[in-house]
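Report on one structure; see the data block that follows.
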Amino acid sequence: MYNYTKQEYKDYLDSLDKTKIKKIERTANRVAKTKIVINLNKNSSDCFCGPKKNFHYIQLGAQIGLIGAKKTSLNDYFFKLIGAVSHEAGHARFTDFTAAKTIGEAAEKAQANVKKIAQEWLDTGNDDLFKDIEEEVYNYVYNVHLFSMYNSYEDAYIESEIIRHCSKIPLVYTGLSKLREDTTDLEDEGHRHMIDNNQMDKKSNDYIKAIMTDMRHMAVIGYKNYPCEYAVLDYHGFTNDEFQEMMDIAMYARLGSHNSMDVLAAARTAMKFIDDLIRNVAKDYSDKYLEALQKQKSSGDDDAPEFDNSDFSSEADEMAISKKMAGSNPGASHQREPEFNLELPSDVEEEIQNNGGNTSSSGGSGQSNSNGSSSNGNSESNDGSNSQGSSESSNSSNQSDSSADSNGSNSDSSDNENQSGENSGEGSSNSSNNDSEGNETSENNALNGQTESNPEQAMKNLQKQLEAESSSASKKALSESMAELNKMKKTASEEAMKQAVGGPGKAPKLEQNLGNIDSISDMHKGIEVNYFSPKYWEKENLNFDISSQLSLASRYANKLKKVLFAETRDRKIRNLDRGHVDKKNLHHIITDGKCCYKKLEGKKNTARFCILVDQSGSMSGSKVKDAFIATKMLVQVARKIHVPVAVFGHNTGWDDVNLYHYLDYKSPKSMEDNLVHILDAGGSNHDSIPIFQCLTDMARNKKDNEKDIFIVISDGAPAGCNNYYGQPAFEDIRNIYTMFEKKYGIKTIGIGIGDDVECVPEIYKHFIMIPDTEELPQALLDLLKKEIK
């Protein structure tokens with residue numbers, strides 16, 4: 001961690017002029033949607049929110065802006081203060097502090113019971129009471145750590161809500177993201193140092209907190225695919241299955257929960273991973289207390305001592321604040337409907353439900369009530385109380401201030417809506433005999449009862465049935481039903497896509513009618529598209545020369561034209577005995593008489609190019625420069641052979657997608673100056689939405705007998721909003737361009753730029769890898785010779 005001098009710290013404080021202070025105050029009020037008064041504490045990094053009669057106050061520790069493993073810039077310092085105040089204002093708006101209050105009350109009760117039972121032992125001398133004291137000490141330590149676990153998950157939950165509802169407020173997303181990333185870097189660095197220097201004591205509270213910190217990283221990191229080390233989880237030796245279950249619980253807390261009570265259920269469920277450690281630590285505390293108790297009795301003092309909880313003073317302070325906040329904030333009635341179905345393993349789902357969580361995206365039976373108890377009666381925690389933890393925290397001592405999380409996802413929710421019934425054929429699915437007729441009836445009932453209104457749910461139900469079936473006949477019947485459902489789903493998607501696109505020859509401007517990607521993919525709900533239409537953009541001059549590359553492209557233009565328009569040329573079939581007289585073959589009159597020819601007119605084919613360039617931050621530097629040169633070369637080829645060409649670029653904003661339309665199919669050559677803006681790289685790349693919109697525009701402009709080539713230039717894997725990355729994103733992209741190729745004959749080619757493009761062949765059926773742009777014309781020519789017929 002960087003150590004700031006007094007002068008450096010003064011410089012940071014002096015940079016906060018009145019304008020910036022007003023900006024911080026205005027941001028807090030806009031996020032909270034209630035009156036906020038801010039106390040800027042210059043000598044602390046602690047941040048918390050508290051209630052007053054007609055407003056909420058936020059303590060904003062100015063040193064929180066300096067948190068991180070490296071020295072921060074003045075701009076980043078201000079951004080992180082915005083992130084911290086947004087976080088605390090988010091608690092005022094979205095957190096139900098009744099949840100935190102019940103945990104604090106359970107901890108207070110356990111602490112009081114320790115002294116009460118100790119007094120009873122002093123009065124009676126009954127040593128059997130020692131076990132009761134040990135259990136109450138455990139209950140206290142458990143609830144203190146439950147408070148911290150809940151705190152961690154609640155931070156992820158409320159920051160998800162902030163990004164979801166407040167990301168349009170300037171700097172909110174940037175501030176949360178920057179603060180959480182720097183906090184996480186610092187925590188990872190601290191864990192590495194402790195492990196490398198053998199400072200990890202598995203019998204300490206600090207070790208338990210370190211594990212919970214890693215578990216918090218699972219919940220707060222992800223929407224930007226930010227890397228975390230999970231060094232302590234690896235050091236402890238958790239299995240891969242346990243690691244995955246932790247991730248499932250964390251994602252439920254962040255994305256699938258409906259309110260703070262659901263977040264508490266996730267925290268309770270996660271506590272099983274550290275329960276043994278808590279018991280060991282609690283045993284040490286109870287042994288020390290019993291030793292002190294016996295010494296006190298030996299000294300003749302008949303008053304039971306207080307249980308020493310000084311090791312948990314910061315948690316006790318936060319629980320006291322949460323107790324005051326309960327019922328004072330608008331968030332007590334806050335409910336959200338998760339936008340996506342978050343699939344949980346059945347055992348994890350059951351545990352969360354048993355702990356009081358609602359895993360139904362429609363707000364089902366597990367919903368908890370405002371008194372901290374669950375309406376299904378199953379929310380008891382391990383100490384027998386309905387304890388629940390506060391979501392505000394800002395402890396600088398362990399460098400994990402809660403006012404900073406970068407989970408900007410608009411996020412998904414749990415799915416499993418029809419948990420109880422599975423499907424109408426379930427009654428026969430467990431049969432152990434080979435009565436295929438009965439099982440086939442079951443399968444048909446499932447199909448007929450579910451597919452018309454919800455084919456995806458029916459598929460899930462059939463999959464569960466298929467896994468449960470033992471007979472081959474039943475498996476075959478269920479598999480056939482699933483195949484039929486898949487076919488129906490695919491047909492429905494194709495029809496929905498056709499409606500969204502509109503079809504060839506219908507070419508409204510994209511700015512007037514963007515295609516609806518939700519018609520064929522459910523990964524992008526709620527993500528807005530910022531469309532920038534073709535225009536004469538501000539002209540900028542290049543500081544490098546690309547004339548040699550453009551000259552190379554021109555030389556390849558005619559070669560490419562021959563490949564694209566091979567069928568358009570007229571041809572003569574010679575050596576015929578009838579037809580037009582072939583002057584070149586008149587000598588055949590005296591041999592075989594085959595001196596005629598027949599003329600075959602070429603087909604009137606045309607072509608169309610569309611180019612989409614990845615302008616995300618990972619393309620910065622040489623990659624985006626190569627992408628610009630490649631685009632200019634392709635446009636040069638298109639102009640030479642008189643093929644209409646459109647050029648787009650894309651990246652992401654906070655939680656939305658930017659689509660830059662540089663050239664339209666009818667743009668004049670003078671507008672090619674726009675392409676210089678391809679060099680502006682930043683943000684992330686949510687590829688599917690721009691790909692869909694480009695393909696939509698191509699389909700709408702398509703002519704008869706036209707060869708349509710869509711070219712995507714990128715450095716590799718997508719990483720966008722709502723955890724859009726990895727294999728699900730790959731499959732989504734493939735599904736989109738495959739559907740357009742099948743329906744409209746548009747061929748998609750992926751061009752990998754740079755030396756880190758191993759994902760390109762995974763995503764695109766037709767692809768080119770070009771570490772050097774001068775290889776592009778020949779590589780494209782070779783590919784089109786092979787693929788275009």
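Every chain in the structure tokens takes a letter, A first, then B, and so on in the order presented; its residues are numbered from 1, and the ligands are numbered from 1 following the presented order.
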
> What residues in region 691-756 of chain A get the DSSP label strand (DSSP E or B)? Please answer as a list in words.
Replying inline: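 Output for region 691-756 of chain A, strand (DSSP E or B) only: Glu706, Lys707, Asp708, Ile709, Phe710, Ile711, Val712, Ile713, Ser714, Ala719, Gly720, Tyr724, Tyr725, Ile746, Lys747, Thr748, Ile749, Gly750, Ile751, Gly752 and Ile753 of chain A.
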
Dump of N, CA and C atoms for the selected residues, as a PDB file, in the first residue's frame:
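Done, and the output landed in result-v8.pdb:
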```pdb
ATOM      1  N   GLU A 706     -27.677 -11.057 -54.121  1.00  0.00           N
ATOM      2  CA  GLU A 706     -26.611 -10.254 -53.542  1.00  0.00           C
ATOM      3  C   GLU A 706     -25.782 -11.115 -52.589  1.00  0.00           C
ATOM      4  N   LYS A 707     -24.450 -10.971 -52.683  1.00  0.00           N
ATOM      5  CA  LYS A 707     -23.545 -11.637 -51.746  1.00  0.00           C
ATOM      6  C   LYS A 707     -23.241 -10.658 -50.621  1.00  0.00           C
ATOM      7  N   ASP A 708     -23.657 -11.017 -49.411  1.00  0.00           N
ATOM      8  CA  ASP A 708     -23.511 -10.112 -48.268  1.00  0.00           C
ATOM      9  C   ASP A 708     -22.427 -10.646 -47.333  1.00  0.00           C
ATOM     10  N   ILE A 709     -21.415  -9.822 -47.089  1.00  0.00           N
ATOM     11  CA  ILE A 709     -20.283 -10.205 -46.253  1.00  0.00           C
ATOM     12  C   ILE A 709     -20.232  -9.282 -45.034  1.00  0.00           C
ATOM     13  N   PHE A 710     -20.370  -9.870 -43.864  1.00  0.00           N
ATOM     14  CA  PHE A 710     -20.301  -9.117 -42.604  1.00  0.00           C
ATOM     15  C   PHE A 710     -18.979  -9.464 -41.922  1.00  0.00           C
ATOM     16  N   ILE A 711     -18.187  -8.456 -41.638  1.00  0.00           N
ATOM     17  CA  ILE A 711     -16.842  -8.659 -41.090  1.00  0.00           C
ATOM     18  C   ILE A 711     -16.760  -8.023 -39.701  1.00  0.00           C
ATOM     19  N   VAL A 712     -16.374  -8.834 -38.724  1.00  0.00           N
ATOM     20  CA  VAL A 712     -16.213  -8.367 -37.342  1.00  0.00           C
ATOM     21  C   VAL A 712     -14.724  -8.339 -37.020  1.00  0.00           C
ATOM     22  N   ILE A 713     -14.196  -7.177 -36.650  1.00  0.00           N
ATOM     23  CA  ILE A 713     -12.779  -7.029 -36.312  1.00  0.00           C
ATOM     24  C   ILE A 713     -12.659  -6.847 -34.803  1.00  0.00           C
ATOM     25  N   SER A 714     -11.923  -7.746 -34.151  1.00  0.00           N
ATOM     26  CA  SER A 714     -11.851  -7.742 -32.693  1.00  0.00           C
ATOM     27  C   SER A 714     -10.549  -8.378 -32.241  1.00  0.00           C
ATOM     28  N   ALA A 719     -16.686  -9.076 -23.305  1.00  0.00           N
ATOM     29  CA  ALA A 719     -16.753  -8.849 -21.862  1.00  0.00           C
ATOM     30  C   ALA A 719     -17.590  -7.596 -21.660  1.00  0.00           C
ATOM     31  N   GLY A 720     -18.900  -7.768 -21.489  1.00  0.00           N
ATOM     32  CA  GLY A 720     -19.791  -6.622 -21.436  1.00  0.00           C
ATOM     33  C   GLY A 720     -20.652  -6.566 -20.200  1.00  0.00           C
ATOM     34  N   TYR A 724     -21.631 -10.562 -19.140  1.00  0.00           N
ATOM     35  CA  TYR A 724     -21.644 -11.054 -20.517  1.00  0.00           C
ATOM     36  C   TYR A 724     -20.226 -11.409 -20.927  1.00  0.00           C
ATOM     37  N   TYR A 725     -19.867 -12.666 -20.723  1.00  0.00           N
ATOM     38  CA  TYR A 725     -18.548 -13.147 -21.130  1.00  0.00           C
ATOM     39  C   TYR A 725     -18.554 -14.673 -21.105  1.00  0.00           C
ATOM     40  N   ILE A 746     -26.453 -14.058 -45.145  1.00  0.00           N
ATOM     41  CA  ILE A 746     -25.351 -13.162 -44.805  1.00  0.00           C
ATOM     42  C   ILE A 746     -24.220 -13.983 -44.186  1.00  0.00           C
ATOM     43  N   LYS A 747     -23.047 -13.896 -44.764  1.00  0.00           N
ATOM     44  CA  LYS A 747     -21.906 -14.661 -44.270  1.00  0.00           C
ATOM     45  C   LYS A 747     -21.091 -13.785 -43.326  1.00  0.00           C
ATOM     46  N   THR A 748     -20.860 -14.288 -42.114  1.00  0.00           N
ATOM     47  CA  THR A 748     -20.110 -13.544 -41.096  1.00  0.00           C
ATOM     48  C   THR A 748     -18.677 -14.062 -41.018  1.00  0.00           C
ATOM     49  N   ILE A 749     -17.722 -13.139 -41.016  1.00  0.00           N
ATOM     50  CA  ILE A 749     -16.302 -13.469 -40.919  1.00  0.00           C
ATOM     51  C   ILE A 749     -15.714 -12.725 -39.728  1.00  0.00           C
ATOM     52  N   GLY A 750     -15.057 -13.460 -38.840  1.00  0.00           N
ATOM     53  CA  GLY A 750     -14.372 -12.844 -37.713  1.00  0.00           C
ATOM     54  C   GLY A 750     -12.907 -12.630 -38.047  1.00  0.00           C
ATOM     55  N   ILE A 751     -12.425 -11.417 -37.831  1.00  0.00           N
ATOM     56  CA  ILE A 751     -11.009 -11.112 -38.071  1.00  0.00           C
ATOM     57  C   ILE A 751     -10.354 -10.815 -36.726  1.00  0.00           C
ATOM     58  N   GLY A 752      -9.401 -11.656 -36.350  1.00  0.00           N
ATOM     59  CA  GLY A 752      -8.689 -11.484 -35.086  1.00  0.00           C
ATOM     60  C   GLY A 752      -7.483 -10.584 -35.280  1.00  0.00           C
ATOM     61  N   ILE A 753      -7.448  -9.486 -34.526  1.00  0.00           N
ATOM     62  CA  ILE A 753      -6.354  -8.516 -34.609  1.00  0.00           C
ATOM     63  C   ILE A 753      -5.422  -8.721 -33.421  1.00  0.00           C
TER      64      ILE A 753
END
```

Given only C-alpha atoms, how would the per-residue table for region 125-192 of chain A near region 256-269 of chain A read, listing every residue at most 8 Å away with its closest atom pair and distance in Å to one decimal, sorted by chain and number, as JSON lines?
```
{"residue": "A:Leu146", "atom": "CA", "partner": "A:Ala267", "partner_atom": "CA", "distance": 6.8}
{"residue": "A:Met149", "atom": "CA", "partner": "A:Ala267", "partner_atom": "CA", "distance": 5.6}
{"residue": "A:Tyr150", "atom": "CA", "partner": "A:Ala267", "partner_atom": "CA", "distance": 5.1}
{"residue": "A:Tyr153", "atom": "CA", "partner": "A:Val263", "partner_atom": "CA", "distance": 6.4}
{"residue": "A:Glu154", "atom": "CA", "partner": "A:Val263", "partner_atom": "CA", "distance": 6.2}
{"residue": "A:Tyr157", "atom": "CA", "partner": "A:Val263", "partner_atom": "CA", "distance": 7.5}
```

Please write the residues from the selection above to a file, keeping N, CA and C atoms, as a compact mmCIF listing (two decimals), in the first residue's frame.
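Result file is selection-v9.txt:
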```
# COMPACT_ATOMS: atom_id res chain seq x y z
N LEU A 146 -21.78 -13.49 11.15
CA LEU A 146 -22.93 -13.45 10.24
C LEU A 146 -23.20 -12.02 9.81
N MET A 149 -20.72 -11.26 7.14
CA MET A 149 -21.05 -11.95 5.89
C MET A 149 -22.23 -11.28 5.21
N TYR A 150 -23.24 -10.98 5.99
CA TYR A 150 -24.40 -10.28 5.44
C TYR A 150 -24.00 -8.92 4.86
N TYR A 153 -22.47 -9.31 1.41
CA TYR A 153 -23.46 -9.60 0.37
C TYR A 153 -24.40 -8.42 0.14
N GLU A 154 -24.74 -7.72 1.21
CA GLU A 154 -25.64 -6.57 1.06
C GLU A 154 -24.97 -5.47 0.25
N TYR A 157 -25.46 -6.40 -3.24
CA TYR A 157 -26.88 -6.24 -3.60
C TYR A 157 -27.21 -4.77 -3.85
```

> If you measure from CA of Lys272 (chain A) to CA of His145 (chain A), what distance in Å do you get, rounded to one decimal?
Replying inline: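 A separation of 11.6 Å between them.
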
> Leaving out region 238-243 of chain A and any residue of its chain fewer than 3 positions from it, which residues lie within 12 Å of it when counting only C-alpha atoms, given as a ChimeraX atom specification?
Replying inline: /A:211,214-215,218,230-235,246-250,270,272-274,345,348

Kindly save the residues from that selection, with C-alpha atoms included, as a PDB file, in the first residue's frame.
```pdb
ATOM      1  CA  ILE A 211     -12.099 -15.985   3.923  1.00  0.00           C
ATOM      2  CA  ASP A 214     -12.667 -13.597  -0.712  1.00  0.00           C
ATOM      3  CA  MET A 215     -16.308 -14.729  -0.624  1.00  0.00           C
ATOM      4  CA  MET A 218     -17.289 -13.428  -5.609  1.00  0.00           C
ATOM      5  CA  TYR A 230      -9.229 -15.936  -4.050  1.00  0.00           C
ATOM      6  CA  ALA A 231      -5.832 -16.692  -2.514  1.00  0.00           C
ATOM      7  CA  VAL A 232      -7.209 -17.431   0.971  1.00  0.00           C
ATOM      8  CA  LEU A 233      -9.863 -19.815  -0.336  1.00  0.00           C
ATOM      9  CA  ASP A 234      -7.126 -21.678  -2.208  1.00  0.00           C
ATOM     10  CA  TYR A 235      -4.868 -21.596   0.860  1.00  0.00           C
ATOM     11  CA  MET A 246     -19.899 -20.261  -2.785  1.00  0.00           C
ATOM     12  CA  MET A 247     -20.105 -18.579  -6.181  1.00  0.00           C
ATOM     13  CA  ASP A 248     -23.732 -19.684  -6.650  1.00  0.00           C
ATOM     14  CA  ILE A 249     -24.706 -18.270  -3.246  1.00  0.00           C
ATOM     15  CA  ALA A 250     -22.844 -15.021  -3.886  1.00  0.00           C
ATOM     16  CA  ALA A 270     -22.754 -19.302   3.223  1.00  0.00           C
ATOM     17  CA  LYS A 272     -21.654 -23.272   6.779  1.00  0.00           C
ATOM     18  CA  PHE A 273     -18.278 -22.926   5.060  1.00  0.00           C
ATOM     19  CA  ILE A 274     -16.733 -21.221   8.107  1.00  0.00           C
ATOM     20  CA  PRO A 345     -28.352 -26.109  -8.093  1.00  0.00           C
ATOM     21  CA  VAL A 348     -28.292 -24.684  -2.903  1.00  0.00           C
TER      22      VAL A 348
END
```
